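Visitor: Questions regarding the structure given below will be posed in turn.
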Amino acid sequence: MHRRGQRASDVPGPGSSTAGAESTAPRPGPSRRQLLRGAGAVAALGAVGAGSLAARELSQPEVDPRTVIPLWSETVAYDAGGTRTLVGGRGDELDLQPRTRLAADLPEASAVRQRAAEFDEGTATWRDRLAESLPQEPLLHDLAASALEDLWVLGDALPAPVAGWSPSWRYLWPRDAAFCAVALARVGHLDHAVEVLAHLQSLQDSEGWFEARYEPGTDRAPDRRQRQFDGTGLLLWATADVAATAGLADEGRQERVRERLAPLITVSVDALRSETQDGAGMPPVSPDYWEVRERSVTLWTMASTLAGLRAGVLLTAEQEVRRAADTFALLLEGTFGRTGFQRYRAGGGADSARVLMDATGCHGLVPPAQLAALRRELARPGGGIAPGASWREDGVSWTPSTSLLALALARAGQHGAAIEILRWLAEHRTEAGSLPEKVLFDGRPAEVAPLAWTAANTVLALDALANG
């Protein structure tokens, strides 16, 4: 997530005021629609408990008003020739069919149109259930539709969804794919979800690790970024969630999912147990979603490891795995929990990784007040949150962290707070309706749009609300 378009070694550290893709040129004035969105965000934040707008403004660090990150595209869509292309911003200008990621002049007989129709048909039951559960939230129904379109266009006819379609984002990140697979299964595309996980299974090395990202078509890492341990736990969590979804309708189907993904299950469980000494030790030091080199274990790596171990319990029913998961939960509480679940065991400030436990179903570790407090502790002027307290002070809200907080709150039962965040996400989409990776201090969406991880988190948060 940390400046995906650059190598981790080239990225300014947290706290830097500028980055390679940013500009200090005078910014153009916001459009009327953007001003209205900004006003909507102010209204939505006005009554958020201790995180009132006034309190947030007082506690918010001063931001350089010239800091601007461009919006490279409004969305991604198929053109008349059936080729996926960036649209708007620096991309092509296409006349799109309303509420789709398809050019209006794409032939009716196109195979792309058929696949789009099949995807839409597969999600119909889920969308109906959402409408019944949230009848007074038309904005959230529109958000659901656009998030589904983003998820579809970034994964259509690919072995797994790519993070985005801008060149430096057009890679497969294991952590993103884990959330995408769970979202696909929940909305009615179980077979597609299983195939996404099966593809990741084919990329896993014999030690259970994954590269930071992969190039579609070659299945090779595009650069020398360090491999990352979080993919092991998160893909095992995704496997358990997808298998459970399959089991809701057919226990036999659940067993077939487990058989299809047996290598991933076995190798991942063994890796998690081995690397943590059966839950008694810290996992390996590894970059996480900040994608910078680390010298000590981060909260994100701890939380993803716990998610994987607990998923291993569900998938194997082995007592040794259960003991390892229980032991590791105690280790997490006794180390990171003692200092309020900060980025590092000994400090580092608030980190949006705090949400990962509740987002993956590991409830009861983070106190509800500490989960909700992230909206205040990591608040940015545009209305979302930063990845962490030690992130550079540029005023930018990051939608992967913000949408993951919505998911955690929804799954933890804090539905009102989750709905407020989802409304904010809906109000800060691009003109074409896609969810961007970033939102500037003045409410404008910024590089890059759409983003698969944000779309998946949004769908899953809505799913949690629909299921009560």
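Chain identifiers are assigned as A, B, and so on, following the order in which chains appear in the structure tokens; residues are numbered from 1 within each chain, and ligands are numbered from 1 in order of appearance.
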Using only C-alpha atoms, which residues sit within 8 Å of A:Pro174 once same-chain residues fewer than 4 positions away are excluded, as a PDB file with N, CA, C and O atoms, in the first residue's frame?

Guide:
ATOM      1  N   ALA A 178      -6.299 -11.960  -1.050  1.00  0.00           N
ATOM      2  CA  ALA A 178      -6.998 -12.665   0.024  1.00  0.00           C
ATOM      3  C   ALA A 178      -8.352 -12.017   0.291  1.00  0.00           C
ATOM      4  O   ALA A 178      -9.389 -12.700   0.363  1.00  0.00           O
ATOM      5  N   LEU A 200      -3.010 -18.533  -6.140  1.00  0.00           N
ATOM      6  CA  LEU A 200      -2.032 -18.160  -5.116  1.00  0.00           C
ATOM      7  C   LEU A 200      -1.348 -19.399  -4.550  1.00  0.00           C
ATOM      8  O   LEU A 200      -0.149 -19.369  -4.243  1.00  0.00           O
ATOM      9  N   PHE A 210       5.255 -15.961   0.442  1.00  0.00           N
ATOM     10  CA  PHE A 210       4.897 -15.376  -0.842  1.00  0.00           C
ATOM     11  C   PHE A 210       5.781 -14.162  -1.096  1.00  0.00           C
ATOM     12  O   PHE A 210       6.244 -13.503  -0.158  1.00  0.00           O
ATOM     13  N   GLU A 211       5.997 -13.860  -2.368  1.00  0.00           N
ATOM     14  CA  GLU A 211       6.649 -12.614  -2.731  1.00  0.00           C
ATOM     15  C   GLU A 211       5.714 -11.453  -2.420  1.00  0.00           C
ATOM     16  O   GLU A 211       4.501 -11.631  -2.228  1.00  0.00           O
ATOM     17  N   ALA A 212       6.274 -10.243  -2.386  1.00  0.00           N
ATOM     18  CA  ALA A 212       5.444  -9.068  -2.107  1.00  0.00           C
ATOM     19  C   ALA A 212       4.354  -8.907  -3.158  1.00  0.00           C
ATOM     20  O   ALA A 212       3.215  -8.548  -2.850  1.00  0.00           O
ATOM     21  N   ARG A 213       4.677  -9.190  -4.413  1.00  0.00           N
ATOM     22  CA  ARG A 213       3.717  -9.064  -5.494  1.00  0.00           C
ATOM     23  C   ARG A 213       4.214  -9.871  -6.683  1.00  0.00           C
ATOM     24  O   ARG A 213       5.384 -10.240  -6.757  1.00  0.00           O
ATOM     25  N   GLY A 231       1.121 -12.645   3.807  1.00  0.00           N
ATOM     26  CA  GLY A 231       0.318 -13.395   2.843  1.00  0.00           C
ATOM     27  C   GLY A 231       0.011 -14.803   3.287  1.00  0.00           C
ATOM     28  O   GLY A 231      -1.060 -15.348   2.990  1.00  0.00           O
ATOM     29  N   LEU A 235      -3.948 -15.548   3.454  1.00  0.00           N
ATOM     30  CA  LEU A 235      -4.520 -16.471   2.472  1.00  0.00           C
ATOM     31  C   LEU A 235      -5.095 -17.708   3.139  1.00  0.00           C
ATOM     32  O   LEU A 235      -6.062 -18.300   2.648  1.00  0.00           O
TER      33      LEU A 235
END

Visitor: Do you know which residues are at most 12 Å from A:Asn457 counting only C-alpha atoms, after dropping those on the same chain fewer than 5 positions away, and could you put them as a tab-separated table (two decimals) with all heavy atoms, in the first residue's frame?

Guide:
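out.tsv, freshly written:
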chain	number	residue	atom	x	y	z
A	143	LEU	N	-22.97	2.54	-3.63
A	143	LEU	CA	-21.58	2.21	-3.31
A	143	LEU	C	-21.31	0.73	-3.56
A	143	LEU	O	-20.27	0.37	-4.12
A	143	LEU	CB	-21.29	2.55	-1.85
A	143	LEU	CG	-19.92	2.14	-1.30
A	143	LEU	CD1	-18.80	2.90	-2.02
A	143	LEU	CD2	-19.86	2.38	0.21
A	144	ALA	N	-22.24	-0.13	-3.15
A	144	ALA	CA	-22.07	-1.57	-3.37
A	144	ALA	C	-21.94	-1.88	-4.85
A	144	ALA	O	-21.08	-2.67	-5.26
A	144	ALA	CB	-23.25	-2.33	-2.76
A	147	ALA	N	-18.50	-0.71	-6.09
A	147	ALA	CA	-17.42	-1.55	-5.56
A	147	ALA	C	-17.38	-2.90	-6.28
A	147	ALA	O	-16.31	-3.43	-6.58
A	147	ALA	CB	-17.60	-1.75	-4.06
A	148	LEU	N	-18.55	-3.45	-6.56
A	148	LEU	CA	-18.61	-4.71	-7.30
A	148	LEU	C	-18.06	-4.54	-8.71
A	148	LEU	O	-17.34	-5.41	-9.21
A	148	LEU	CB	-20.05	-5.23	-7.35
A	148	LEU	CG	-20.62	-5.79	-6.04
A	148	LEU	CD1	-22.11	-6.03	-6.18
A	148	LEU	CD2	-19.89	-7.07	-5.65
A	150	ASP	N	-15.81	-2.36	-9.66
A	150	ASP	CA	-14.36	-2.24	-9.54
A	150	ASP	C	-13.72	-3.60	-9.33
A	150	ASP	O	-12.69	-3.92	-9.94
A	150	ASP	CB	-14.00	-1.33	-8.35
A	150	ASP	CG	-14.29	0.15	-8.63
A	150	ASP	OD1	-14.53	0.50	-9.80
A	150	ASP	OD2	-14.27	0.93	-7.66
A	151	LEU	N	-14.32	-4.41	-8.47
A	151	LEU	CA	-13.78	-5.74	-8.20
A	151	LEU	C	-13.80	-6.59	-9.46
A	151	LEU	O	-12.84	-7.33	-9.75
A	151	LEU	CB	-14.61	-6.39	-7.09
A	151	LEU	CG	-14.07	-7.67	-6.45
A	151	LEU	CD1	-12.72	-7.45	-5.80
A	151	LEU	CD2	-15.07	-8.19	-5.41
A	175	ARG	N	-1.88	-10.13	-0.27
A	175	ARG	CA	-2.81	-9.66	0.76
A	175	ARG	C	-4.09	-9.12	0.14
A	175	ARG	O	-5.19	-9.36	0.63
A	175	ARG	CB	-2.15	-8.64	1.68
A	175	ARG	CG	-2.03	-7.23	1.15
A	175	ARG	CD	-1.50	-6.27	2.20
A	175	ARG	NE	-0.14	-6.60	2.58
A	175	ARG	CZ	0.96	-6.16	1.96
A	175	ARG	NH1	0.83	-5.37	0.90
A	175	ARG	NH2	2.15	-6.49	2.37
A	176	ASP	N	-3.96	-8.37	-0.95
A	176	ASP	CA	-5.14	-7.85	-1.64
A	176	ASP	C	-6.00	-9.00	-2.15
A	176	ASP	O	-7.23	-8.99	-2.03
A	176	ASP	CB	-4.72	-6.98	-2.83
A	176	ASP	CG	-3.90	-5.77	-2.43
A	176	ASP	OD1	-3.04	-5.89	-1.55
A	176	ASP	OD2	-4.09	-4.70	-3.04
A	177	ALA	N	-5.34	-9.99	-2.74
A	177	ALA	CA	-6.06	-11.13	-3.32
A	177	ALA	C	-6.83	-11.90	-2.27
A	177	ALA	O	-7.91	-12.44	-2.54
A	177	ALA	CB	-5.08	-12.05	-4.04
A	178	ALA	N	-6.30	-11.96	-1.05
A	178	ALA	CA	-7.00	-12.66	0.02
A	178	ALA	C	-8.35	-12.02	0.29
A	178	ALA	O	-9.39	-12.70	0.36
A	178	ALA	CB	-6.14	-12.66	1.29
A	179	PHE	N	-8.37	-10.69	0.42
A	179	PHE	CA	-9.63	-9.99	0.68
A	179	PHE	C	-10.55	-10.06	-0.53
A	179	PHE	O	-11.78	-10.18	-0.39
A	179	PHE	CB	-9.35	-8.54	1.08
A	179	PHE	CG	-8.82	-8.40	2.47
A	179	PHE	CD1	-7.45	-8.44	2.72
A	179	PHE	CD2	-9.68	-8.26	3.55
A	179	PHE	CE1	-6.95	-8.32	4.01
A	179	PHE	CE2	-9.19	-8.15	4.84
A	179	PHE	CZ	-7.82	-8.17	5.09
A	180	CYS	N	-9.99	-10.00	-1.73
A	180	CYS	CA	-10.81	-10.10	-2.95
A	180	CYS	C	-11.49	-11.47	-3.03
A	180	CYS	O	-12.67	-11.57	-3.40
A	180	CYS	CB	-9.95	-9.87	-4.18
A	180	CYS	SG	-9.39	-8.16	-4.40
A	181	ALA	N	-10.76	-12.52	-2.70
A	181	ALA	CA	-11.34	-13.87	-2.76
A	181	ALA	C	-12.51	-14.01	-1.79
A	181	ALA	O	-13.56	-14.57	-2.14
A	181	ALA	CB	-10.27	-14.91	-2.45
A	182	VAL	N	-12.34	-13.51	-0.57
A	182	VAL	CA	-13.43	-13.58	0.41
A	182	VAL	C	-14.64	-12.80	-0.08
A	182	VAL	O	-15.78	-13.25	0.01
A	182	VAL	CB	-12.96	-13.07	1.78
A	182	VAL	CG1	-14.12	-13.03	2.77
A	182	VAL	CG2	-11.84	-13.97	2.33
A	183	ALA	N	-14.40	-11.61	-0.63
A	183	ALA	CA	-15.50	-10.79	-1.14
A	183	ALA	C	-16.23	-11.49	-2.28
A	183	ALA	O	-17.46	-11.51	-2.33
A	183	ALA	CB	-14.97	-9.43	-1.59
A	184	LEU	N	-15.48	-12.07	-3.21
A	184	LEU	CA	-16.10	-12.77	-4.35
A	184	LEU	C	-16.99	-13.91	-3.86
A	184	LEU	O	-18.10	-14.12	-4.37
A	184	LEU	CB	-15.02	-13.30	-5.28
A	184	LEU	CG	-14.31	-12.25	-6.14
A	184	LEU	CD1	-13.06	-12.83	-6.79
A	184	LEU	CD2	-15.25	-11.70	-7.22
A	186	ARG	N	-18.46	-14.21	-0.92
A	186	ARG	CA	-19.61	-13.71	-0.17
A	186	ARG	C	-20.71	-13.18	-1.08
A	186	ARG	O	-21.89	-13.26	-0.74
A	186	ARG	CB	-19.16	-12.61	0.79
A	186	ARG	CG	-18.31	-13.08	1.97
A	186	ARG	CD	-19.08	-14.05	2.86
A	186	ARG	NE	-18.32	-14.45	4.02
A	186	ARG	CZ	-18.46	-13.92	5.24
A	186	ARG	NH1	-19.32	-12.94	5.44
A	186	ARG	NH2	-17.74	-14.37	6.25
A	355	VAL	N	-7.00	-2.75	13.26
A	355	VAL	CA	-8.32	-3.20	12.81
A	355	VAL	C	-8.30	-4.63	12.27
A	355	VAL	O	-9.35	-5.25	12.11
A	355	VAL	CB	-8.89	-2.27	11.73
A	355	VAL	CG1	-8.81	-0.82	12.17
A	355	VAL	CG2	-8.17	-2.44	10.40
A	356	LEU	N	-7.12	-5.16	11.95
A	356	LEU	CA	-7.06	-6.41	11.22
A	356	LEU	C	-7.63	-7.58	12.01
A	356	LEU	O	-8.20	-8.51	11.43
A	356	LEU	CB	-5.61	-6.71	10.79
A	356	LEU	CG	-5.41	-7.93	9.90
A	356	LEU	CD1	-6.26	-7.83	8.63
A	356	LEU	CD2	-3.94	-8.10	9.54
A	359	ALA	N	-11.36	-7.39	11.71
A	359	ALA	CA	-11.71	-7.53	10.30
A	359	ALA	C	-11.65	-8.98	9.85
A	359	ALA	O	-12.39	-9.39	8.96
A	359	ALA	CB	-10.78	-6.68	9.43
A	360	THR	N	-10.77	-9.77	10.46
A	360	THR	CA	-10.64	-11.19	10.09
A	360	THR	C	-11.34	-12.12	11.07
A	360	THR	O	-11.13	-13.33	11.04
A	360	THR	CB	-9.15	-11.57	9.98
A	360	THR	OG1	-8.49	-11.28	11.22
A	360	THR	CG2	-8.47	-10.83	8.85
A	399	THR	N	-7.66	5.00	1.50
A	399	THR	CA	-8.91	4.23	1.54
A	399	THR	C	-8.73	2.76	1.91
A	399	THR	O	-9.66	2.18	2.47
A	399	THR	CB	-9.67	4.32	0.21
A	399	THR	OG1	-8.91	3.69	-0.83
A	399	THR	CG2	-9.96	5.78	-0.14
A	400	PRO	N	-7.58	2.10	1.65
A	400	PRO	CA	-7.46	0.72	2.16
A	400	PRO	C	-7.58	0.67	3.68
A	400	PRO	O	-8.31	-0.18	4.21
A	400	PRO	CB	-6.07	0.30	1.67
A	400	PRO	CG	-5.82	1.12	0.46
A	400	PRO	CD	-6.44	2.45	0.78
A	401	SER	N	-6.89	1.56	4.39
A	401	SER	CA	-6.99	1.60	5.85
A	401	SER	C	-8.38	2.02	6.30
A	401	SER	O	-8.95	1.44	7.25
A	401	SER	CB	-5.95	2.56	6.42
A	401	SER	OG	-4.64	2.07	6.23
A	402	THR	N	-8.96	3.02	5.64
A	402	THR	CA	-10.27	3.52	6.04
A	402	THR	C	-11.35	2.47	5.82
A	402	THR	O	-12.21	2.25	6.68
A	402	THR	CB	-10.60	4.81	5.26
A	402	THR	OG1	-9.53	5.76	5.40
A	402	THR	CG2	-11.88	5.44	5.76
A	403	SER	N	-11.32	1.81	4.66
A	403	SER	CA	-12.34	0.78	4.39
A	403	SER	C	-12.15	-0.44	5.27
A	403	SER	O	-13.13	-1.10	5.65
A	403	SER	CB	-12.29	0.39	2.91
A	403	SER	OG	-11.01	-0.12	2.54
A	404	LEU	N	-10.91	-0.76	5.63
A	404	LEU	CA	-10.66	-1.89	6.52
A	404	LEU	C	-11.18	-1.58	7.92
A	404	LEU	O	-11.67	-2.48	8.62
A	404	LEU	CB	-9.17	-2.23	6.56
A	404	LEU	CG	-8.80	-3.61	7.09
A	404	LEU	CD1	-9.43	-4.72	6.25
A	404	LEU	CD2	-7.29	-3.77	7.14
A	405	LEU	N	-11.10	-0.32	8.33
A	405	LEU	CA	-11.70	0.08	9.61
A	405	LEU	C	-13.21	-0.10	9.56
A	405	LEU	O	-13.82	-0.58	10.52
A	405	LEU	CB	-11.34	1.54	9.91
A	405	LEU	CG	-11.99	2.16	11.15
A	405	LEU	CD1	-11.68	1.35	12.41
A	405	LEU	CD2	-11.56	3.61	11.32
A	406	ALA	N	-13.82	0.26	8.44
A	406	ALA	CA	-15.27	0.05	8.30
A	406	ALA	C	-15.61	-1.43	8.43
A	406	ALA	O	-16.59	-1.81	9.09
A	406	ALA	CB	-15.75	0.59	6.96
A	407	LEU	N	-14.81	-2.28	7.80
A	407	LEU	CA	-15.05	-3.72	7.88
A	407	LEU	C	-14.91	-4.21	9.32
A	407	LEU	O	-15.76	-4.98	9.81
A	407	LEU	CB	-14.06	-4.46	6.98
A	407	LEU	CG	-14.02	-5.99	7.10
A	407	LEU	CD1	-15.39	-6.60	6.86
A	407	LEU	CD2	-12.99	-6.56	6.12
A	408	ALA	N	-13.86	-3.78	10.01
A	408	ALA	CA	-13.66	-4.21	11.40
A	408	ALA	C	-14.81	-3.76	12.29
A	408	ALA	O	-15.33	-4.54	13.11
A	408	ALA	CB	-12.33	-3.66	11.92
A	409	LEU	N	-15.24	-2.52	12.14
A	409	LEU	CA	-16.34	-2.01	12.96
A	409	LEU	C	-17.63	-2.77	12.66
A	409	LEU	O	-18.40	-3.10	13.58
A	409	LEU	CB	-16.53	-0.51	12.69
A	409	LEU	CG	-15.42	0.41	13.22
A	409	LEU	CD1	-15.56	1.80	12.62
A	409	LEU	CD2	-15.45	0.48	14.74
A	410	ALA	N	-17.88	-3.05	11.39
A	410	ALA	CA	-19.10	-3.78	11.03
A	410	ALA	C	-19.09	-5.18	11.62
A	410	ALA	O	-20.09	-5.65	12.17
A	410	ALA	CB	-19.24	-3.84	9.51
A	411	ARG	N	-17.95	-5.86	11.53
A	411	ARG	CA	-17.87	-7.22	12.05
A	411	ARG	C	-17.83	-7.25	13.57
A	411	ARG	O	-18.18	-8.27	14.19
A	411	ARG	CB	-16.64	-7.94	11.47
A	411	ARG	CG	-16.82	-8.31	10.01
A	411	ARG	CD	-15.74	-9.25	9.51
A	411	ARG	NE	-16.15	-9.90	8.26
A	411	ARG	CZ	-15.43	-10.82	7.64
A	411	ARG	NH1	-14.25	-11.20	8.13
A	411	ARG	NH2	-15.87	-11.37	6.52
A	418	ALA	N	-19.56	2.07	11.34
A	418	ALA	CA	-19.20	1.49	10.05
A	418	ALA	C	-19.97	2.17	8.92
A	418	ALA	O	-19.40	2.48	7.86
A	418	ALA	CB	-19.49	-0.01	10.04
A	421	ILE	N	-18.52	5.57	7.94
A	421	ILE	CA	-17.32	5.48	7.11
A	421	ILE	C	-17.69	5.08	5.69
A	421	ILE	O	-17.13	5.60	4.71
A	421	ILE	CB	-16.32	4.48	7.72
A	421	ILE	CG1	-15.82	5.01	9.07
A	421	ILE	CG2	-15.15	4.24	6.77
A	421	ILE	CD1	-14.95	4.04	9.83
A	422	LEU	N	-18.62	4.16	5.54
A	422	LEU	CA	-19.04	3.74	4.21
A	422	LEU	C	-19.68	4.89	3.43
A	422	LEU	O	-19.48	5.03	2.23
A	422	LEU	CB	-19.99	2.55	4.30
A	422	LEU	CG	-19.34	1.24	4.75
A	422	LEU	CD1	-20.39	0.20	5.10
A	422	LEU	CD2	-18.40	0.69	3.67
A	425	LEU	N	-16.85	6.94	2.13
A	425	LEU	CA	-16.27	6.32	0.95
A	425	LEU	C	-17.14	6.57	-0.28
A	425	LEU	O	-16.63	6.88	-1.37
A	425	LEU	CB	-16.09	4.82	1.17
A	425	LEU	CG	-14.98	4.40	2.13
A	425	LEU	CD1	-15.14	2.93	2.54
A	425	LEU	CD2	-13.60	4.62	1.51
A	435	LEU	N	-13.71	3.67	-6.56
A	435	LEU	CA	-13.08	3.96	-5.28
A	435	LEU	C	-11.59	4.19	-5.49
A	435	LEU	O	-10.89	3.31	-6.01
A	435	LEU	CB	-13.31	2.79	-4.31
A	435	LEU	CG	-14.75	2.69	-3.79
A	435	LEU	CD1	-15.07	1.26	-3.39
A	435	LEU	CD2	-14.95	3.64	-2.62
A	451	LEU	N	-9.13	0.72	-6.94
A	451	LEU	CA	-8.21	-0.10	-6.18
A	451	LEU	C	-8.96	-1.33	-5.68
A	451	LEU	O	-9.98	-1.21	-4.99
A	451	LEU	CB	-7.63	0.69	-5.00
A	451	LEU	CG	-6.40	0.05	-4.35
A	451	LEU	CD1	-5.16	0.25	-5.22
A	451	LEU	CD2	-6.15	0.63	-2.96
A	452	ALA	N	-8.46	-2.51	-6.01
A	452	ALA	CA	-9.17	-3.76	-5.71
A	452	ALA	C	-9.33	-3.98	-4.21
A	452	ALA	O	-10.38	-4.45	-3.75
A	452	ALA	CB	-8.44	-4.94	-6.35
A	462	LEU	N	-20.10	-4.05	3.82
A	462	LEU	CA	-21.53	-4.06	3.51
A	462	LEU	C	-22.14	-5.44	3.77
A	462	LEU	O	-23.27	-5.56	4.26
A	462	LEU	CB	-21.75	-3.63	2.06
A	462	LEU	CG	-21.44	-2.16	1.76
A	462	LEU	CD1	-21.32	-1.94	0.26
A	462	LEU	CD2	-22.52	-1.26	2.35
A	463	ASP	N	-21.39	-6.48	3.45
A	463	ASP	CA	-21.86	-7.84	3.70
A	463	ASP	C	-22.07	-8.08	5.19
A	463	ASP	O	-23.06	-8.70	5.60
A	463	ASP	CB	-20.85	-8.84	3.14
A	463	ASP	CG	-21.24	-10.29	3.40
A	463	ASP	OD1	-22.15	-10.77	2.70
A	463	ASP	OD2	-20.67	-10.91	4.31
A	464	ALA	N	-21.14	-7.58	6.01
A	464	ALA	CA	-21.28	-7.74	7.46
A	464	ALA	C	-22.54	-7.03	7.97
A	464	ALA	O	-23.24	-7.54	8.85
A	464	ALA	CB	-20.03	-7.21	8.17

Visitor: When you look at A:Ala449 with a cut-off of 7 Å (counting only C-alpha atoms), what residues show up, excluding the ones that are within fewer than 2 positions of it in the same chain? I need them as a VMD selection string.

Guide: chain A and resid 73 to 75 164 434 to 437 447 451

Visitor: Name all residues at most 12 Å from A:Leu86 (count only C-alpha atoms; drop same-chain ones fewer than 2 positions away) and give them as an NGL selection string.

Guide: :A and (71-79 or 83-84 or 88-94 or 101-103 or 153-154 or 164-167 or 170 or 432 or 434 or 448-450)

Visitor: Create the file for the chosen residues now, containing C-alpha atoms and written as a PDB file, in the first residue's frame.

Guide:
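So selection32.pdb came out as:
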ATOM      1  CA  LEU A  71      -5.727  11.301 -10.059  1.00  0.00           C
ATOM      2  CA  TRP A  72      -4.383   9.183 -12.892  1.00  0.00           C
ATOM      3  CA  SER A  73      -7.737   7.792 -13.942  1.00  0.00           C
ATOM      4  CA  GLU A  74     -11.410   8.042 -13.046  1.00  0.00           C
ATOM      5  CA  THR A  75     -11.901   4.312 -13.559  1.00  0.00           C
ATOM      6  CA  VAL A  76     -10.922   1.329 -15.713  1.00  0.00           C
ATOM      7  CA  ALA A  77     -13.221   0.047 -18.445  1.00  0.00           C
ATOM      8  CA  TYR A  78     -13.368  -2.042 -21.590  1.00  0.00           C
ATOM      9  CA  ASP A  79     -13.275   0.029 -24.777  1.00  0.00           C
ATOM     10  CA  THR A  83      -9.489  -3.928 -24.309  1.00  0.00           C
ATOM     11  CA  ARG A  84      -9.232  -2.865 -20.670  1.00  0.00           C
ATOM     12  CA  GLY A  88     -10.425   9.861 -17.529  1.00  0.00           C
ATOM     13  CA  GLY A  89      -7.628  11.720 -15.781  1.00  0.00           C
ATOM     14  CA  ARG A  90      -4.574  10.838 -17.817  1.00  0.00           C
ATOM     15  CA  GLY A  91      -6.389   7.958 -19.495  1.00  0.00           C
ATOM     16  CA  ASP A  92      -8.736   7.734 -22.453  1.00  0.00           C
ATOM     17  CA  GLU A  93     -12.042   9.541 -22.701  1.00  0.00           C
ATOM     18  CA  LEU A  94     -14.756   6.924 -23.131  1.00  0.00           C
ATOM     19  CA  ARG A 101     -17.201  -0.520 -16.694  1.00  0.00           C
ATOM     20  CA  LEU A 102     -18.064  -0.972 -20.361  1.00  0.00           C
ATOM     21  CA  ALA A 103     -17.838   1.464 -23.280  1.00  0.00           C
ATOM     22  CA  VAL A 153     -13.013  -5.075 -13.882  1.00  0.00           C
ATOM     23  CA  LEU A 154      -9.718  -5.625 -12.018  1.00  0.00           C
ATOM     24  CA  GLY A 164      -5.092  -1.484  -9.961  1.00  0.00           C
ATOM     25  CA  TRP A 165      -4.730  -0.892 -13.694  1.00  0.00           C
ATOM     26  CA  SER A 166      -2.196   1.928 -13.685  1.00  0.00           C
ATOM     27  CA  PRO A 167       1.127   0.397 -14.785  1.00  0.00           C
ATOM     28  CA  ARG A 170      -0.926  -3.794 -12.334  1.00  0.00           C
ATOM     29  CA  ALA A 432     -16.964   7.693 -12.784  1.00  0.00           C
ATOM     30  CA  SER A 434     -14.693   4.168  -8.701  1.00  0.00           C
ATOM     31  CA  VAL A 448      -4.992   5.492  -8.106  1.00  0.00           C
ATOM     32  CA  ALA A 449      -8.545   4.433  -9.104  1.00  0.00           C
ATOM     33  CA  PRO A 450      -9.994   1.922  -8.874  1.00  0.00           C
TER      34      PRO A 450
END

Visitor: Which parts of stretch 183-250 of chain A does DSSP call helix (DSSP H, G or I) when run on the backbone here, written out as a PyMOL selection string?

Guide: chain A and resi 183-186+190-203+230-247

Visitor: How would you write, as an MDAnalysis selection string, the set of residues in stretch 259-441 of chain A that DSSP gives as strand (DSSP E)?

Guide: chainID A and resid 342:344 347:350 397:398 438:439

Visitor: When you look at A:Gly312 with a cut-off of 12 Å (counting only C-alpha atoms), what residues show up, excluding the ones that are within fewer than 3 positions of it in the same chain? I need them as an MDAnalysis selection string.

Guide: chainID A and resid 232:241 243 258 262 264:273 305:309 315:326
